[in-house]
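These notes are about the structure you will find just below.
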Amino acid sequence: MISPLSFAAGAATWSLAEYSLHRFAGHAPRQRQSEEKARWFDGDFGSEHQAHHADTRYFTPTARKVKTAAVVLAAAGTLGSLAFGPRRALSFAAGFALTYATYEILHRRTHTHAPRGAYSRWARRNHLSHHFSNPSTNHGVTSPLWDHVFGTHVEHGRIRVPRRHAPPWLLDEQGRVKPEYGDDYELAGPAAVVAAQAA
Ligand SMILES: [Zn+2]
Ligand SMILES: [Zn+2]
């Protein structure tokens, strides 16, 4: 039987892990990153995440993600066992694993699929502002909760997206920002400068 309380605790724990892994491992100073490489999982979250920032079409290969997930889930299972006892640990791990998987899918879709409602519009603006406005802000991908708690939430206004990083859903066939996204995003980079001068 699934225990709703332990399940919710697992989901909340993932939410905090999503924020902390991204902020402290994904954006750790370089020296700490190499120490983490030795100590942490083989997936080396820090350098993988920096690779994703350097090229937003890059996502960690699935096999490596599975390895990382195994380590993270084992830690979550142990934590759940300690906090709730072995019987409820399964519910805790299920809540954790489900929100973890949701995060993985949502993060990828943020870059690859157009928004379809208020939440997905928010999720794209929030995450793309982390990428392109200020990577020290808006670390949460599925929720702004911990950014509010730790004071890293910032509303960035219209987001300047470097042309080479522009997600395909943002642009029309001529490579311009589609009109429906004009309030949220603008392009930065050489072609945008030429266009501005021509205007
Ligand atoms: Zn991203
Ligand atoms: Zn990041």
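Residue numbering restarts at 1 for every chain of the structure tokens, chains are lettered A, B, ... in their displayed order, and ligands are numbered from 1 as they appear.
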Give me, as JSON lines, each residue of chain A that comes within 7 Å of ligand 1, together with its shortest interatomic pair and the distance in Å at one decimal, counting only C-alpha atoms and all ligand atoms, with rows ordered by chain and rising residue number.
{"residue": "A:His52", "atom": "CA", "partner": "ligand 1", "partner_atom_place_in_ligand_line": "1 (Zn)", "distance": 6.6}
{"residue": "A:His53", "atom": "CA", "partner": "ligand 1", "partner_atom_place_in_ligand_line": "1 (Zn)", "distance": 6.8}
{"residue": "A:Thr56", "atom": "CA", "partner": "ligand 1", "partner_atom_place_in_ligand_line": "1 (Zn)", "distance": 6.2}
{"residue": "A:His107", "atom": "CA", "partner": "ligand 1", "partner_atom_place_in_ligand_line": "1 (Zn)", "distance": 6.1}
{"residue": "A:His111", "atom": "CA", "partner": "ligand 1", "partner_atom_place_in_ligand_line": "1 (Zn)", "distance": 6.6}
{"residue": "A:His127", "atom": "CA", "partner": "ligand 1", "partner_atom_place_in_ligand_line": "1 (Zn)", "distance": 6.4}
{"residue": "A:His131", "atom": "CA", "partner": "ligand 1", "partner_atom_place_in_ligand_line": "1 (Zn)", "distance": 6.6}
Check the DSSP output for the backbone and give back, as a tab-separated table (two decimals) with C-alpha atoms, in the first residue's frame, the residues of region 51-190 of chain A in alpha helix (DSSP H).
chain	number	residue	atom	x	y	z
A	51	ALA	CA	28.16	21.12	-21.19
A	52	HIS	CA	24.38	21.65	-21.32
A	53	HIS	CA	24.87	25.37	-20.67
A	54	ALA	CA	27.54	25.60	-23.39
A	62	THR	CA	20.53	8.25	-21.14
A	63	ALA	CA	22.90	5.47	-20.00
A	64	ARG	CA	24.84	7.94	-17.89
A	65	LYS	CA	21.62	9.44	-16.54
A	66	VAL	CA	20.44	6.00	-15.48
A	67	LYS	CA	23.69	5.51	-13.54
A	68	THR	CA	23.25	8.86	-11.82
A	69	ALA	CA	19.59	8.07	-11.11
A	70	ALA	CA	20.56	4.73	-9.52
A	71	VAL	CA	22.89	6.51	-7.08
A	72	VAL	CA	20.38	9.25	-6.29
A	73	LEU	CA	17.52	6.77	-5.85
A	74	ALA	CA	19.61	4.50	-3.60
A	75	ALA	CA	20.33	7.54	-1.43
A	76	ALA	CA	16.62	8.45	-1.42
A	77	GLY	CA	15.61	4.88	-0.50
A	78	THR	CA	18.08	4.89	2.40
A	79	LEU	CA	16.83	8.29	3.56
A	80	GLY	CA	13.22	7.10	3.30
A	81	SER	CA	14.04	3.97	5.32
A	82	LEU	CA	15.67	6.00	8.05
A	83	ALA	CA	12.86	8.56	8.18
A	84	PHE	CA	9.79	6.35	7.76
A	86	PRO	CA	11.38	0.13	5.61
A	87	ARG	CA	7.64	-0.33	4.87
A	88	ARG	CA	6.99	3.29	3.99
A	89	ALA	CA	10.37	3.75	2.32
A	90	LEU	CA	8.88	2.37	-0.89
A	91	SER	CA	6.23	5.12	-0.97
A	92	PHE	CA	8.87	7.72	-0.22
A	93	ALA	CA	11.11	6.37	-3.01
A	94	ALA	CA	8.12	6.26	-5.42
A	95	GLY	CA	7.25	9.92	-4.73
A	96	PHE	CA	10.88	10.86	-5.15
A	97	ALA	CA	11.39	8.82	-8.35
A	98	LEU	CA	8.20	10.04	-10.01
A	99	THR	CA	8.98	13.73	-9.50
A	100	TYR	CA	12.60	13.07	-10.52
A	101	ALA	CA	11.42	11.52	-13.80
A	102	THR	CA	8.94	14.38	-14.30
A	103	TYR	CA	11.80	16.83	-13.90
A	104	GLU	CA	13.91	15.04	-16.52
A	105	ILE	CA	11.07	15.08	-19.06
A	106	LEU	CA	10.04	18.64	-18.28
A	107	HIS	CA	13.56	20.01	-18.51
A	108	ARG	CA	14.08	18.48	-21.92
A	109	ARG	CA	10.69	19.65	-23.18
A	110	THR	CA	11.49	23.18	-22.01
A	111	HIS	CA	14.19	23.24	-24.66
A	112	THR	CA	12.48	21.18	-27.35
A	118	ALA	CA	0.33	29.03	-18.30
A	119	TYR	CA	2.54	26.56	-16.43
A	120	SER	CA	4.66	25.53	-19.42
A	121	ARG	CA	5.04	29.20	-20.41
A	122	TRP	CA	6.26	29.93	-16.88
A	123	ALA	CA	8.58	26.88	-16.88
A	124	ARG	CA	10.22	27.98	-20.14
A	125	ARG	CA	10.64	31.59	-19.12
A	126	ASN	CA	11.99	30.58	-15.72
A	127	HIS	CA	14.50	28.05	-17.06
A	128	LEU	CA	15.59	30.04	-20.11
A	129	SER	CA	16.19	33.07	-17.88
A	130	HIS	CA	18.48	30.81	-15.80
A	131	HIS	CA	20.34	29.90	-18.99
A	132	PHE	CA	20.53	33.29	-20.66
A	145	LEU	CA	9.61	27.20	-4.39
A	146	TRP	CA	13.24	26.82	-3.28
A	147	ASP	CA	14.39	29.85	-5.26
A	148	HIS	CA	11.93	31.84	-3.18
A	149	VAL	CA	13.09	30.15	0.04
A	150	PHE	CA	16.80	30.77	-0.67
A	190	PRO	CA	25.03	39.35	-34.72
Discussion item. Give me, as a ChimeraX atom specification, all polymer residues having an atom no more than 10 Å from Ser136 (chain A), counting only C-alpha atoms and skipping those fewer than 5 positions away in the same chain.
Written reply: /A:23,27,130-131,152-154
Saved selection, atoms kept: N, CA and C atoms, as a tab-separated table (two decimals), in the first residue's frame:
chain	number	residue	atom	x	y	z
A	23	ARG	N	22.00	23.89	-8.18
A	23	ARG	CA	22.72	25.07	-7.71
A	23	ARG	C	24.15	24.74	-7.25
A	27	HIS	N	26.50	24.13	-10.65
A	27	HIS	CA	27.19	25.42	-10.80
A	27	HIS	C	28.27	25.59	-9.73
A	130	HIS	N	17.30	31.39	-16.49
A	130	HIS	CA	18.48	30.81	-15.80
A	130	HIS	C	19.62	30.65	-16.80
A	131	HIS	N	19.30	30.13	-17.98
A	131	HIS	CA	20.34	29.90	-18.99
A	131	HIS	C	20.92	31.21	-19.51
A	152	THR	N	16.96	33.17	-4.49
A	152	THR	CA	17.58	33.19	-5.83
A	152	THR	C	16.54	33.37	-6.94
A	153	HIS	N	15.29	33.66	-6.53
A	153	HIS	CA	14.26	33.86	-7.56
A	153	HIS	C	14.35	35.29	-8.09
A	154	VAL	N	14.42	35.42	-9.42
A	154	VAL	CA	14.42	36.75	-10.03
A	154	VAL	C	13.51	36.73	-11.25
Practice prompt. For CA of Glu18 (chain A) and CA of His139 (chain A), quote the distance in Å rounded to one decimal.
Written response: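 Interatomic distance, CA of Glu18 (chain A) to CA of His139 (chain A): 8.2 Å.
Those residues that approach Gly175 (chain A) to within 10 Å, counting only C-alpha atoms, are Arg163, Ala166, Pro168, Leu170, Leu187 and Ala191 of chain A; same-chain residues fewer than 5 positions away are not listed.
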Item to complete: Among the residues of region 4-186 of chain A, find those DSSP assigns to strand (DSSP E or B) from the backbone and print them as a list in words.
Response: Ile159, Arg160, Val161, Pro162, Leu171, Val177, Tyr185 and Glu186 of chain A
